[in-house]
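Each remark here refers to the structure printed beneath this line.
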Amino acid sequence: KLAQKLKPDVMTIDIGIPRMDGIELLRMIQERVPETRTMVLSMFEQESYAHQAFNAGAMSYVVKAGTTEDLLNGIRSTAKGEYFLCRRIQSAVLASFLAQDKPVSIAKEYDDLSSREKQVFHLIIHGNSTVQMSDTLCVSPKTIEKHRGAIMRKIGINNPIELLKYAIRIGIVDPQSLSS
């Protein structure tokens with residue numbers, strides 16, 4: 001009610017307040033006084049609290065155990081409409097963000113091949129025979145066949161033409177290079 005009456009530019013909120021959930025209070029402020037920018041000042045250093053606070057509309061998240069400089073930078077950033085995260089938990093928040101948003105490789109099967117299997121893979125898609133691969137890698141033809149079988153099994157393809165198509169699809173081979 002006080003925020004609705006005073007309409008402050010910046011409001012500092014502790015999410016660990018008695019009788020009310022601070023995250024819910026953040027949502028209420030966003031809904032009822034959207035022009036007020038909010039900064040969370042909290043004792044909670046877990047990234048999950050920062051994540052919830054930002055999702056609820058906070059512009060800044062500063063922990064009470066942080067520095068005075070972080071507190072002042074949090075207030076200044078919030079006033080400017082910029083996001084701020086105190087140094088004390090930046091690393092944990094960034095690590096969580098990166099863990100959740102890792103892109104899935106379209107070449108997962110290829111990535112799972114051993115370095116020797118990748119060498120054989122490249123020789124296969126460039127049209128080398130078993131004997132040629134054997135000579136190039138200084139191993140027996142039987143060893144080449146063993147690697148070829150492992151590649152085909154791991155990737156789930158059982159012929160060289162399909163293997164070449166797969167290599168083009170994942171970007172290992174440029175289709176333009178095939179015409180020369």
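Residues are referred to by chain and number: the chain letter is A, B, ... according to the order shown in the structure tokens, the number counts from 1 in that chain, and ligands are numbered separately from 1 in the order shown.
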
Using only C-alpha atoms, what does the table of region 141-170 of chain A residues within 7 Å of region 107-112 of chain A look like, with each row giving the shortest atom pair and its distance in Å to one decimal, sorted by chain and ascending number, as a tab-separated table?
residue	atom	partner	partner_atom	distance
A:Lys154	CA	A:Glu109	CA	6.3
A:Ile155	CA	A:Glu109	CA	5.2
A:Ile170	CA	A:Ala107	CA	5.7

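With only C-alpha atoms as the atoms that count, the minimum distance from Phe121 (chain A) to the choices A:Ala92, A:Leu26, A:Asp135, A:Asn159 is reached by A:Asn159.
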
*Excluding Asn73 (chain A) and residues on its chain fewer than 4 positions from it, collect all residues at most 10 Å away from it, counting only C-alpha atoms, and give them as a PyMOL selection string.*
chain A and resi 60+62+67-69+77-79+84-86

For the residues selected in the previous step, produce a file with C-alpha atoms as a PDB file, in the first residue's frame.
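Final file, out10.pdb:
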ATOM      1  CA  SER A  60      19.209  -6.249  -8.987  1.00  0.00           C
ATOM      2  CA  VAL A  62      22.620  -8.155  -3.700  1.00  0.00           C
ATOM      3  CA  THR A  67      30.327  -5.416  -0.176  1.00  0.00           C
ATOM      4  CA  THR A  68      29.133  -1.840   0.267  1.00  0.00           C
ATOM      5  CA  GLU A  69      30.268  -1.274  -3.310  1.00  0.00           C
ATOM      6  CA  SER A  77      21.908   0.050 -11.659  1.00  0.00           C
ATOM      7  CA  THR A  78      18.328  -0.428 -10.538  1.00  0.00           C
ATOM      8  CA  ALA A  79      17.692   3.316 -10.740  1.00  0.00           C
ATOM      9  CA  PHE A  84      22.880  -6.014 -11.513  1.00  0.00           C
ATOM     10  CA  LEU A  85      24.072  -9.118  -9.710  1.00  0.00           C
ATOM     11  CA  CYS A  86      26.514  -8.871  -6.822  1.00  0.00           C
TER      12      CYS A  86
END

Worksheet item: So how many Å separate CA of Met152 (chain A) and CA of Ser115 (chain A), to one decimal?
Response: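 Computing the Euclidean distance for CA of Met152 (chain A) and CA of Ser115 (chain A) yields 15.0 Å.
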
### Task
Can you pull out every residue within 10 Å of Ile124 (chain A), counting only C-alpha atoms, but drop anything in the same chain fewer than 6 positions away, and send it as an MDAnalysis selection string?
chainID A and resid 118 130 132:133 148 159:161 163:164

Point to revise | Residue set, region 18-82 of chain A restricted to alpha helix (DSSP H), as a ChimeraX atom specification | key: /A:22-32,47-55,68-80

Please produce a file of the residues just selected, as an mmCIF file, in the first residue's frame, where the atoms kept are N, CA and C atoms.
data_model
loop_
_atom_site.group_PDB
_atom_site.id
_atom_site.type_symbol
_atom_site.label_atom_id
_atom_site.label_comp_id
_atom_site.auth_asym_id
_atom_site.auth_seq_id
_atom_site.Cartn_x
_atom_site.Cartn_y
_atom_site.Cartn_z
ATOM 1 N N GLY A 22 8.679 -12.883 -0.001
ATOM 2 C CA GLY A 22 9.292 -11.739 -0.674
ATOM 3 C C GLY A 22 9.182 -11.813 -2.187
ATOM 4 N N ILE A 23 9.220 -13.009 -2.734
ATOM 5 C CA ILE A 23 9.080 -13.174 -4.189
ATOM 6 C C ILE A 23 7.670 -12.767 -4.616
ATOM 7 N N GLU A 24 6.694 -13.146 -3.798
ATOM 8 C CA GLU A 24 5.318 -12.744 -4.093
ATOM 9 C C GLU A 24 5.169 -11.224 -3.977
ATOM 10 N N LEU A 25 5.853 -10.625 -3.010
ATOM 11 C CA LEU A 25 5.833 -9.162 -2.862
ATOM 12 C C LEU A 25 6.418 -8.498 -4.114
ATOM 13 N N LEU A 26 7.505 -9.051 -4.643
ATOM 14 C CA LEU A 26 8.092 -8.522 -5.885
ATOM 15 C C LEU A 26 7.063 -8.536 -7.009
ATOM 16 N N ARG A 27 6.345 -9.626 -7.131
ATOM 17 C CA ARG A 27 5.325 -9.735 -8.190
ATOM 18 C C ARG A 27 4.216 -8.702 -7.992
ATOM 19 N N MET A 28 3.825 -8.517 -6.734
ATOM 20 C CA MET A 28 2.775 -7.529 -6.444
ATOM 21 C C MET A 28 3.232 -6.119 -6.794
ATOM 22 N N ILE A 29 4.473 -5.790 -6.459
ATOM 23 C CA ILE A 29 5.005 -4.456 -6.782
ATOM 24 C C ILE A 29 5.005 -4.269 -8.302
ATOM 25 N N GLN A 30 5.465 -5.279 -9.043
ATOM 26 C CA GLN A 30 5.482 -5.204 -10.508
ATOM 27 C C GLN A 30 4.086 -4.993 -11.077
ATOM 28 N N GLU A 31 3.120 -5.641 -10.469
ATOM 29 C CA GLU A 31 1.743 -5.562 -10.948
ATOM 30 C C GLU A 31 1.084 -4.227 -10.586
ATOM 31 N N ARG A 32 1.273 -3.782 -9.346
ATOM 32 C CA ARG A 32 0.552 -2.606 -8.853
ATOM 33 C C ARG A 32 1.293 -1.286 -9.021
ATOM 34 N N GLU A 47 21.883 -19.462 -5.978
ATOM 35 C CA GLU A 47 21.478 -18.899 -7.260
ATOM 36 C C GLU A 47 19.982 -19.037 -7.506
ATOM 37 N N SER A 48 19.360 -20.032 -6.912
ATOM 38 C CA SER A 48 17.928 -20.242 -7.139
ATOM 39 C C SER A 48 17.094 -19.056 -6.635
ATOM 40 N N TYR A 49 17.530 -18.426 -5.547
ATOM 41 C CA TYR A 49 16.809 -17.248 -5.049
ATOM 42 C C TYR A 49 16.966 -16.071 -6.012
ATOM 43 N N ALA A 50 18.178 -15.876 -6.523
ATOM 44 C CA ALA A 50 18.412 -14.803 -7.490
ATOM 45 C C ALA A 50 17.568 -15.044 -8.742
ATOM 46 N N HIS A 51 17.536 -16.283 -9.187
ATOM 47 C CA HIS A 51 16.760 -16.641 -10.366
ATOM 48 C C HIS A 51 15.277 -16.305 -10.161
ATOM 49 N N GLN A 52 14.742 -16.703 -9.016
ATOM 50 C CA GLN A 52 13.335 -16.410 -8.711
ATOM 51 C C GLN A 52 13.085 -14.906 -8.645
ATOM 52 N N ALA A 53 14.021 -14.180 -8.029
ATOM 53 C CA ALA A 53 13.868 -12.728 -7.880
ATOM 54 C C ALA A 53 13.830 -12.040 -9.243
ATOM 55 N N PHE A 54 14.767 -12.399 -10.122
ATOM 56 C CA PHE A 54 14.779 -11.779 -11.448
ATOM 57 C C PHE A 54 13.526 -12.150 -12.237
ATOM 58 N N ASN A 55 13.090 -13.392 -12.114
ATOM 59 C CA ASN A 55 11.858 -13.797 -12.802
ATOM 60 C C ASN A 55 10.632 -13.058 -12.281
ATOM 61 N N THR A 68 29.849 -3.117 0.361
ATOM 62 C CA THR A 68 29.133 -1.840 0.267
ATOM 63 C C THR A 68 29.103 -1.390 -1.191
ATOM 64 N N GLU A 69 30.194 -1.632 -1.894
ATOM 65 C CA GLU A 69 30.268 -1.274 -3.310
ATOM 66 C C GLU A 69 29.186 -1.993 -4.116
ATOM 67 N N ASP A 70 28.971 -3.274 -3.832
ATOM 68 C CA ASP A 70 27.906 -4.014 -4.514
ATOM 69 C C ASP A 70 26.536 -3.420 -4.204
ATOM 70 N N LEU A 71 26.328 -3.048 -2.956
ATOM 71 C CA LEU A 71 25.051 -2.452 -2.562
ATOM 72 C C LEU A 71 24.807 -1.159 -3.341
ATOM 73 N N LEU A 72 25.809 -0.302 -3.369
ATOM 74 C CA LEU A 72 25.665 0.981 -4.084
ATOM 75 C C LEU A 72 25.495 0.765 -5.590
ATOM 76 N N ASN A 73 26.271 -0.156 -6.151
ATOM 77 C CA ASN A 73 26.137 -0.445 -7.585
ATOM 78 C C ASN A 73 24.769 -1.038 -7.903
ATOM 79 N N GLY A 74 24.252 -1.847 -6.984
ATOM 80 C CA GLY A 74 22.917 -2.405 -7.168
ATOM 81 C C GLY A 74 21.854 -1.322 -7.200
ATOM 82 N N ILE A 75 21.945 -0.382 -6.286
ATOM 83 C CA ILE A 75 20.970 0.720 -6.235
ATOM 84 C C ILE A 75 21.080 1.578 -7.497
ATOM 85 N N ARG A 76 22.312 1.922 -7.877
ATOM 86 C CA ARG A 76 22.521 2.765 -9.077
ATOM 87 C C ARG A 76 22.015 2.068 -10.338
ATOM 88 N N SER A 77 22.348 0.799 -10.475
ATOM 89 C CA SER A 77 21.908 0.050 -11.659
ATOM 90 C C SER A 77 20.397 -0.039 -11.720
ATOM 91 N N THR A 78 19.787 -0.325 -10.601
ATOM 92 C CA THR A 78 18.328 -0.428 -10.538
ATOM 93 C C THR A 78 17.690 0.903 -10.932
ATOM 94 N N ALA A 79 18.224 1.991 -10.416
ATOM 95 C CA ALA A 79 17.692 3.316 -10.740
ATOM 96 C C ALA A 79 17.784 3.611 -12.238
ATOM 97 N N LYS A 80 18.825 3.110 -12.887
ATOM 98 C CA LYS A 80 19.001 3.333 -14.330
ATOM 99 C C LYS A 80 18.196 2.343 -15.173
#
